[in-house]
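Chemist: Structure provided below as structure tokens; questions to follow.
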Amino acid sequence: MVSSKARTQRKAQANATAHVKRKMLSAHLSDDLRQKYGKRAARVCKGDTVVVVRGNEDIKNIEGKVVSVYTKTGRVAIEGVTIKQADGTETERPIHASNLVITKLNTEDAWRMDSLSKKEAKE
């Protein structure tokens with residue numbers, strides 16, 4: 001049974017195991033990728049090209065490559081999206097994976113491409 005309480009859901013998400021948290025790091029695919037693979041969403045991986053669709057005006061509609069993925073927090077660092085720290089240095093700004101749309105997939109991982117194309121082969 002899954003609870004409908006927000007507090008319980010947040011706790012379950014925060015205390016989830018690594019293999020479950022990994023699945024939470026998914027983002028929607030762009031329309032052309034959705035047509036090609038027959039899937040709505042995919043896991044965000046390092047090397048994917050993504051566009052930010054939600055967030056502050058300074059980061060919205062920015063397209064860039066994924067530099068790193070933080071499985072523990074469910075966030076992603078994107079090339080060119082930075083934030084200024086108190087001492088004036090620029091550091092990468094983590095963005096939640098649900099606020100992104102994948103426009104180009106990193107095709108280096110054969111296992112990932114095989115799992116994405118499974119649905120395509122069924123039709």
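Each chain in the structure tokens gets a letter, A, B, ..., in the order shown, and its residues are numbered from 1; ligands are numbered from 1 in order too.
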Using only C-alpha atoms, which residues sit within 10 Å of Gly74 of chain A once same-chain residues fewer than 5 positions away are excluded, as a PyMOL selection string?
Modeler: chain A and resi 13-14+21-26+69+94-98
Chemist: Going by DSSP on the backbone, which residues of segment 37-109 of chain A come out as strand (DSSP E)? List them as a ChimeraX atom specification.
Modeler: /A:41-43,49-52,63-70,75-84,90-96,100-104
Chemist: Can you work out which one of A:Thr107, A:Ser68, A:Asn56, A:Thr73 has the shortest atom-to-atom distance to Glu92 of chain A, counting only C-alpha atoms?
Modeler: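 Going through A:Thr107, A:Ser68, A:Asn56, A:Thr73 one by one, the smallest distance to Glu92 of chain A is for A:Ser68.
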Chemist: Hey, can you check how far atom CA of Ser30 of chain A sits from atom CA of Arg93 of chain A?
Modeler: 22.5 Å
Chemist: Report as a ChimeraX atom specification all protein, DNA and RNA residues lying within 9 Å of Arg54 of chain A, evaluated on only C-alpha atoms, omitting residues in the same chain fewer than 6 positions from it.
Modeler: /A:60-61,98-100
Chemist: Can you tell me how far atom CA of Ile59 of chain A sits from atom CA of Val81 of chain A, in Å to one decimal?
Modeler: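 According to the coordinates, atom CA of Ile59 of chain A and atom CA of Val81 of chain A are separated by 6.8 Å.
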Chemist: From the DSSP assignment of the backbone, select every residue of chain A that is alpha helix (DSSP H), and format the answer as a VMD selection string.
Modeler: chain A and resid 6 to 14 18 to 23 31 to 37 110 to 122
Chemist: Taking only residues of segment 8-34 of chain A that have an atom at most 10 Å from an atom of segment 47-50 of chain A, what is each one's shortest atom pair and its distance in Å to one decimal, using only C-alpha atoms, in chain and number order, as CSV?
Modeler:
```
residue,atom,partner,partner_atom,distance
A:Ala27,CA,A:Val50,CA,9.1
A:His28,CA,A:Val50,CA,9.8
A:Leu29,CA,A:Val50,CA,9.1
A:Ser30,CA,A:Val50,CA,9.1
```
Chemist: Neighbours of Lys118 of chain A within 12 Å (only C-alpha atoms; same-chain residues fewer than 4 positions away dropped), as a tab-separated table (two decimals) with N, CA and C atoms, in the first residue's frame?
Modeler:
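Resulting contents of result_11.tsv:
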```tsv
chain	number	residue	atom	x	y	z
A	36	LYS	N	10.40	8.18	-32.09
A	36	LYS	CA	11.40	7.20	-32.50
A	36	LYS	C	11.43	5.97	-31.59
A	37	TYR	N	11.38	6.17	-30.27
A	37	TYR	CA	11.54	5.06	-29.34
A	37	TYR	C	10.22	4.54	-28.76
A	38	GLY	N	9.12	5.25	-28.97
A	38	GLY	CA	7.83	4.81	-28.45
A	38	GLY	C	7.75	4.86	-26.94
A	39	LYS	N	8.57	5.71	-26.31
A	39	LYS	CA	8.57	5.88	-24.86
A	39	LYS	C	8.37	7.34	-24.53
A	111	TRP	N	23.74	-1.07	-23.58
A	111	TRP	CA	22.65	-1.63	-22.78
A	111	TRP	C	21.46	-0.67	-22.71
A	112	ARG	N	21.76	0.62	-22.56
A	112	ARG	CA	20.71	1.63	-22.48
A	112	ARG	C	19.95	1.73	-23.80
A	113	MET	N	20.68	1.73	-24.91
A	113	MET	CA	20.04	1.83	-26.22
A	113	MET	C	19.21	0.59	-26.52
A	114	ASP	N	19.68	-0.56	-26.05
A	114	ASP	CA	18.94	-1.80	-26.24
A	114	ASP	C	17.62	-1.76	-25.47
A	122	LYS	N	8.61	-4.00	-30.53
A	122	LYS	CA	7.34	-4.68	-30.29
A	122	LYS	C	6.26	-4.24	-31.29
A	123	GLU	N	6.32	-2.97	-31.69
A	123	GLU	CA	5.25	-2.42	-32.54
A	123	GLU	C	5.41	-2.77	-34.00
```
Chemist: Set the distance at 9 Å and use only C-alpha atoms: which residues neighbour Ile62 of chain A once local chain neighbours fewer than 4 positions away are removed? I'd like the list as a ChimeraX atom specification.
Modeler: /A:50-53,58,80-81
Chemist: Just write the chosen residues, all heavy atoms, as a CSV table (one decimal), in the first residue's frame.
Modeler:
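Dumped to result-v1.csv:
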```csv
chain,number,residue,atom,x,y,z
A,50,VAL,N,20.0,18.2,-22.9
A,50,VAL,CA,18.7,18.5,-22.3
A,50,VAL,C,18.4,20.0,-22.4
A,50,VAL,O,19.3,20.8,-22.6
A,50,VAL,CB,18.7,18.0,-20.8
A,50,VAL,CG1,18.8,16.6,-20.6
A,50,VAL,CG2,19.7,18.7,-20.0
A,51,VAL,N,17.1,20.3,-22.3
A,51,VAL,CA,16.7,21.7,-22.2
A,51,VAL,C,15.9,21.8,-21.0
A,51,VAL,O,15.1,21.0,-20.6
A,51,VAL,CB,15.9,22.1,-23.5
A,51,VAL,CG1,14.6,21.3,-23.6
A,51,VAL,CG2,15.6,23.5,-23.5
A,52,VAL,N,16.1,23.0,-20.3
A,52,VAL,CA,15.4,23.3,-19.0
A,52,VAL,C,14.0,23.9,-19.4
A,52,VAL,O,13.9,24.9,-20.1
A,52,VAL,CB,16.2,24.2,-18.1
A,52,VAL,CG1,15.5,24.5,-16.8
A,52,VAL,CG2,17.6,23.7,-17.9
A,53,VAL,N,12.9,23.2,-18.9
A,53,VAL,CA,11.6,23.7,-19.3
A,53,VAL,C,10.9,24.4,-18.1
A,53,VAL,O,9.9,25.1,-18.3
A,53,VAL,CB,10.7,22.6,-19.8
A,53,VAL,CG1,11.2,22.1,-21.2
A,53,VAL,CG2,10.6,21.4,-18.9
A,58,ASP,N,16.2,32.9,-15.5
A,58,ASP,CA,17.6,32.9,-15.9
A,58,ASP,C,18.1,31.5,-16.4
A,58,ASP,O,19.1,31.4,-17.1
A,58,ASP,CB,18.5,33.4,-14.8
A,58,ASP,CG,18.4,32.6,-13.5
A,58,ASP,OD1,17.3,32.0,-13.3
A,58,ASP,OD2,19.4,32.5,-12.8
A,80,GLY,N,27.0,25.1,-18.7
A,80,GLY,CA,26.5,26.5,-18.9
A,80,GLY,C,25.5,27.0,-17.9
A,80,GLY,O,25.2,28.2,-17.9
A,81,VAL,N,25.0,26.1,-17.0
A,81,VAL,CA,24.1,26.6,-16.0
A,81,VAL,C,24.9,26.7,-14.7
A,81,VAL,O,25.2,25.7,-14.0
A,81,VAL,CB,22.9,25.6,-15.8
A,81,VAL,CG1,21.9,26.1,-14.7
A,81,VAL,CG2,22.1,25.5,-17.1
```
Chemist: Give the answer as one residue: which of A:Arg34, A:Lys104, A:Arg7, A:Arg43 has the shortest atom-to-atom distance to Lys65 of chain A, using only C-alpha atoms?
Modeler: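 Smallest separation from Lys65 of chain A among the options: A:Lys104.
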Chemist: Which of these, A:Leu105, A:Gln35, A:Ala18, A:Ser117, has the shortest distance to Tyr70 of chain A once you count only C-alpha atoms?
Modeler: A:Ala18
Chemist: What does the distance from atom CA of Val20 of chain A to atom CA of Gly55 of chain A come to in Å, to one decimal?
Modeler: 25.2 Å
